[in-house]
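Enquirer: Have a look at this one.
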Amino acid sequence: MNDAVEESGQNEVEGIRGFIDEIRTAVTPLTEVVSFHVADDRSTDATAAAFDGVADTVVEVQAVNRGHGPTALAAYRAGLSVDPEVLVHVDGDGQFHGADFPRLIEALMSENADVVHGVRDGRTDPWYRRVLTGAVGLLIAVAAGQRIPDVNTPLRAYRPEALRVLIDAVPADATVPHVHFSLAEARGGFRVRYLRVESIPRRGASSTGTMWGRAGGISLPPKRLRTFVRAALAEAWQLSLRPSAPLRHLPRPEHVGS
């Protein structure tokens, strides 16, 4: 079996090398070949050079800084380019245990699933992130006609045939591709399995990262996050929620898992 594990992120030099080493150790007993594909979103630290000389890891530095969604999609495409039997996606901040990766792969194969979502337990997000996550989950549950636990989880194991259908339908500059994926999977009859995994603090010196800027003394939603939420909601309406949205009726390919 050939597994591709791909990661997306920015400024993760403090923890990403150790995280991939941990994943490799956990996954290698399951497969003959494992490769890692890192989409680096124009990091300003040494993330892009962290894997110099590591044979099984390819780092693809993006042409411009585009944010999490487009970088995640670039990582997916990089992983698909090697025609793997299984593709696992994860963010580069290392907020998962390497030991959970074999669990996802085994669930995908043994349960004949198209995708397995890693549902995060123990998250320690600020209150506004928890409120946002709950609101998005409720909106997607209404749209999908069912509750989808952890609709935006970045830890997912896919069969490539199923993933290609999703990737081909989502624009390369999509802001929240995992939300679109989760909704399309539910509506299209994809075989989705959910696996509980522990969410741990971000690896490295900073446990919060720099995605939304540094928090001050008062824990309020940063302006950058508020801007992102407005753009993401508009995108969700255009691509997935409105009656004529292009992702509203995306059928599961019949040959998946055969």
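Letters for chains follow the order of the structure tokens (A, B, ...), residue numbers begin at 1 for each chain, and ligand numbers begin at 1 in the order shown.
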Compile the contact shell of Val5 in chain A as a list of chain:residue names: residues with an atom at most 9 Å away, counting only C-alpha atoms, same-chain residues fewer than 6 positions apart removed.
Expert: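 Counting only the stated atoms, we get A:Ile23, A:Val34, A:Ser35, A:Phe36, A:His37, A:Val38, A:Gly79, A:Val86, A:Leu87, A:Val88, A:His89, A:Val90, A:Ala157.
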Enquirer: Filtering to all heavy atoms, could you give me those residues as a tab-separated table (two decimals), in the first residue's frame?
Expert:
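Heads up, here's the output in result23.tsv:
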```tsv
chain	number	residue	atom	x	y	z
A	23	ILE	N	4.65	10.74	12.92
A	23	ILE	CA	3.68	10.12	11.99
A	23	ILE	C	4.35	8.99	11.23
A	23	ILE	O	3.78	7.90	11.07
A	23	ILE	CB	3.12	11.17	11.01
A	23	ILE	CG1	2.35	12.25	11.75
A	23	ILE	CG2	2.23	10.49	9.97
A	23	ILE	CD1	2.01	13.44	10.88
A	34	VAL	N	5.55	5.31	2.19
A	34	VAL	CA	4.86	6.48	2.74
A	34	VAL	C	5.61	7.72	2.27
A	34	VAL	O	6.84	7.75	2.28
A	34	VAL	CB	4.76	6.44	4.27
A	34	VAL	CG1	6.13	6.38	4.91
A	34	VAL	CG2	3.98	7.64	4.79
A	35	SER	N	4.88	8.71	1.81
A	35	SER	CA	5.50	9.96	1.39
A	35	SER	C	4.77	11.12	2.03
A	35	SER	O	3.57	11.04	2.31
A	35	SER	CB	5.48	10.09	-0.14
A	35	SER	OG	4.16	10.05	-0.65
A	36	PHE	N	5.51	12.21	2.26
A	36	PHE	CA	4.96	13.40	2.90
A	36	PHE	C	5.08	14.59	1.94
A	36	PHE	O	6.12	14.79	1.32
A	36	PHE	CB	5.72	13.72	4.19
A	36	PHE	CG	5.60	12.65	5.23
A	36	PHE	CD1	6.48	11.56	5.24
A	36	PHE	CD2	4.61	12.69	6.21
A	36	PHE	CE1	6.38	10.56	6.20
A	36	PHE	CE2	4.50	11.69	7.16
A	36	PHE	CZ	5.38	10.63	7.15
A	37	HIS	N	4.00	15.35	1.86
A	37	HIS	CA	3.95	16.49	0.94
A	37	HIS	C	3.49	17.71	1.74
A	37	HIS	O	2.35	17.74	2.24
A	37	HIS	CB	3.02	16.21	-0.22
A	37	HIS	CG	3.40	14.97	-0.97
A	37	HIS	ND1	4.20	15.00	-2.09
A	37	HIS	CD2	3.14	13.66	-0.72
A	37	HIS	CE1	4.41	13.76	-2.51
A	37	HIS	NE2	3.78	12.93	-1.69
A	38	VAL	N	4.37	18.68	1.89
A	38	VAL	CA	4.10	19.85	2.72
A	38	VAL	C	3.87	21.06	1.82
A	38	VAL	O	4.74	21.41	1.01
A	38	VAL	CB	5.28	20.12	3.68
A	38	VAL	CG1	5.01	21.35	4.54
A	38	VAL	CG2	5.56	18.91	4.56
A	79	GLY	N	-0.44	15.68	-2.72
A	79	GLY	CA	-0.55	14.28	-2.31
A	79	GLY	C	-1.15	13.40	-3.39
A	79	GLY	O	-0.68	12.29	-3.64
A	86	VAL	N	-4.05	5.63	-0.22
A	86	VAL	CA	-4.70	6.35	0.88
A	86	VAL	C	-4.00	7.69	1.01
A	86	VAL	O	-2.77	7.78	0.91
A	86	VAL	CB	-4.58	5.58	2.21
A	86	VAL	CG1	-5.11	6.43	3.37
A	86	VAL	CG2	-5.33	4.25	2.14
A	87	LEU	N	-4.79	8.74	1.24
A	87	LEU	CA	-4.21	10.06	1.47
A	87	LEU	C	-4.74	10.60	2.78
A	87	LEU	O	-5.95	10.61	3.01
A	87	LEU	CB	-4.55	11.00	0.31
A	87	LEU	CG	-3.86	12.36	0.33
A	87	LEU	CD1	-3.58	12.83	-1.08
A	87	LEU	CD2	-4.69	13.40	1.08
A	88	VAL	N	-3.83	11.05	3.64
A	88	VAL	CA	-4.20	11.62	4.94
A	88	VAL	C	-3.78	13.08	4.95
A	88	VAL	O	-2.64	13.41	4.62
A	88	VAL	CB	-3.51	10.88	6.11
A	88	VAL	CG1	-3.95	11.49	7.44
A	88	VAL	CG2	-3.84	9.39	6.06
A	89	HIS	N	-4.70	13.95	5.33
A	89	HIS	CA	-4.41	15.37	5.44
A	89	HIS	C	-4.37	15.79	6.91
A	89	HIS	O	-5.18	15.33	7.72
A	89	HIS	CB	-5.46	16.21	4.73
A	89	HIS	CG	-5.27	17.69	4.90
A	89	HIS	ND1	-5.75	18.39	6.00
A	89	HIS	CD2	-4.61	18.60	4.15
A	89	HIS	CE1	-5.41	19.66	5.90
A	89	HIS	NE2	-4.71	19.81	4.79
A	90	VAL	N	-3.45	16.71	7.22
A	90	VAL	CA	-3.38	17.26	8.57
A	90	VAL	C	-2.71	18.63	8.49
A	90	VAL	O	-1.87	18.87	7.62
A	90	VAL	CB	-2.60	16.33	9.53
A	90	VAL	CG1	-1.13	16.27	9.17
A	90	VAL	CG2	-2.80	16.75	10.98
A	157	ALA	N	-8.68	11.13	6.45
A	157	ALA	CA	-8.09	10.10	5.59
A	157	ALA	C	-9.06	9.83	4.46
A	157	ALA	O	-10.24	9.57	4.69
A	157	ALA	CB	-7.83	8.82	6.39
```
Enquirer: Do you know which residues are at most 10 Å from Ala46 in chain A counting only C-alpha atoms, after dropping those on the same chain fewer than 2 positions away, and could you put them as a list in words?
Expert: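 Counting only the stated atoms, we get Gln10, Asn11, Glu12, Val13, Glu14, Ser43, Thr44, Ala48, Ala49, Ala50 and Phe51 of chain A.
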Enquirer: Which residue out of A:Ser240, A:Pro201, A:Ala135, A:Pro221 has the minimum interatomic distance to Glu185 in chain A when only C-alpha atoms are used?
Expert: A:Ser240
Enquirer: Excluding Ala26 in chain A and any residue of its chain fewer than 4 positions from it, enumerate the residues within 9 Å of it, using only C-alpha atoms, and give them as a PDB file with N, CA and C atoms, in the first residue's frame.
Expert:
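Result file is part.pdb:
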```
ATOM      1  N   ASP A  21       8.141  13.079  11.906  1.00  0.00           N
ATOM      2  CA  ASP A  21       8.887  11.901  12.373  1.00  0.00           C
ATOM      3  C   ASP A  21       7.969  10.968  13.170  1.00  0.00           C
ATOM      4  N   GLU A  22       7.120  11.550  13.995  1.00  0.00           N
ATOM      5  CA  GLU A  22       6.183  10.762  14.799  1.00  0.00           C
ATOM      6  C   GLU A  22       5.165  10.045  13.914  1.00  0.00           C
ATOM      7  N   LEU A  30       2.277  -0.073   8.434  1.00  0.00           N
ATOM      8  CA  LEU A  30       1.061  -0.378   7.680  1.00  0.00           C
ATOM      9  C   LEU A  30       1.269  -0.406   6.182  1.00  0.00           C
ATOM     10  N   GLY A  98       0.691  11.226  16.611  1.00  0.00           N
ATOM     11  CA  GLY A  98       1.019  10.378  15.468  1.00  0.00           C
ATOM     12  C   GLY A  98       0.355   9.024  15.545  1.00  0.00           C
ATOM     13  N   ALA A  99       0.131   8.510  16.748  1.00  0.00           N
ATOM     14  CA  ALA A  99      -0.483   7.192  16.918  1.00  0.00           C
ATOM     15  C   ALA A  99      -1.909   7.127  16.388  1.00  0.00           C
ATOM     16  N   ASP A 100      -2.568   8.283  16.192  1.00  0.00           N
ATOM     17  CA  ASP A 100      -3.937   8.263  15.675  1.00  0.00           C
ATOM     18  C   ASP A 100      -3.996   8.080  14.157  1.00  0.00           C
ATOM     19  N   PHE A 101      -2.885   8.275  13.476  1.00  0.00           N
ATOM     20  CA  PHE A 101      -2.902   8.148  12.015  1.00  0.00           C
ATOM     21  C   PHE A 101      -3.158   6.709  11.562  1.00  0.00           C
ATOM     22  N   PRO A 102      -2.519   5.695  12.151  1.00  0.00           N
ATOM     23  CA  PRO A 102      -2.875   4.322  11.780  1.00  0.00           C
ATOM     24  C   PRO A 102      -4.327   3.996  12.074  1.00  0.00           C
TER      25      PRO A 102
END
```
Enquirer: Write out as a PyMOL selection string which residues come within 12 Å of range 243-245 of chain A when counting only C-alpha atoms, dropping same-chain ones fewer than 5 positions away.
Expert: chain A and resi 143+169-170+180+183-184+234-238+250
Enquirer: I need the chosen residues saved as a short mmCIF file (atom, residue, chain, number, x, y, z; two decimals), in the first residue's frame, with N, CA and C atoms.
Expert:
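And here's out.cif as it stands now:
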```cif
data_model
loop_
_atom_site.label_atom_id
_atom_site.label_comp_id
_atom_site.auth_asym_id
_atom_site.auth_seq_id
_atom_site.Cartn_x
_atom_site.Cartn_y
_atom_site.Cartn_z
N ALA A 143 -28.36 22.45 6.79
CA ALA A 143 -28.21 22.34 5.34
C ALA A 143 -28.06 20.89 4.89
N ALA A 169 -14.27 19.90 -7.70
CA ALA A 169 -15.46 20.74 -7.60
C ALA A 169 -15.23 22.02 -6.81
N VAL A 170 -14.15 22.09 -6.03
CA VAL A 170 -13.90 23.23 -5.16
C VAL A 170 -12.85 24.15 -5.79
N HIS A 180 -16.91 22.80 2.92
CA HIS A 180 -17.53 22.37 1.66
C HIS A 180 -17.46 20.85 1.50
N LEU A 183 -20.01 19.05 3.85
CA LEU A 183 -21.39 19.19 3.40
C LEU A 183 -21.64 18.37 2.14
N ALA A 184 -20.71 18.42 1.19
CA ALA A 184 -20.88 17.65 -0.05
C ALA A 184 -20.87 16.15 0.22
N ALA A 234 -19.94 34.14 3.17
CA ALA A 234 -20.33 34.50 1.81
C ALA A 234 -19.94 33.40 0.83
N GLU A 235 -18.77 32.84 1.01
CA GLU A 235 -18.31 31.75 0.14
C GLU A 235 -19.18 30.50 0.31
N ALA A 236 -19.51 30.16 1.56
CA ALA A 236 -20.35 28.99 1.81
C ALA A 236 -21.70 29.13 1.13
N TRP A 237 -22.26 30.33 1.17
CA TRP A 237 -23.55 30.56 0.51
C TRP A 237 -23.41 30.36 -1.00
N GLN A 238 -22.38 30.93 -1.60
CA GLN A 238 -22.21 30.87 -3.04
C GLN A 238 -21.91 29.46 -3.55
N LEU A 250 -23.40 17.01 -5.33
CA LEU A 250 -22.18 16.40 -5.83
C LEU A 250 -22.23 14.91 -5.52
#
```
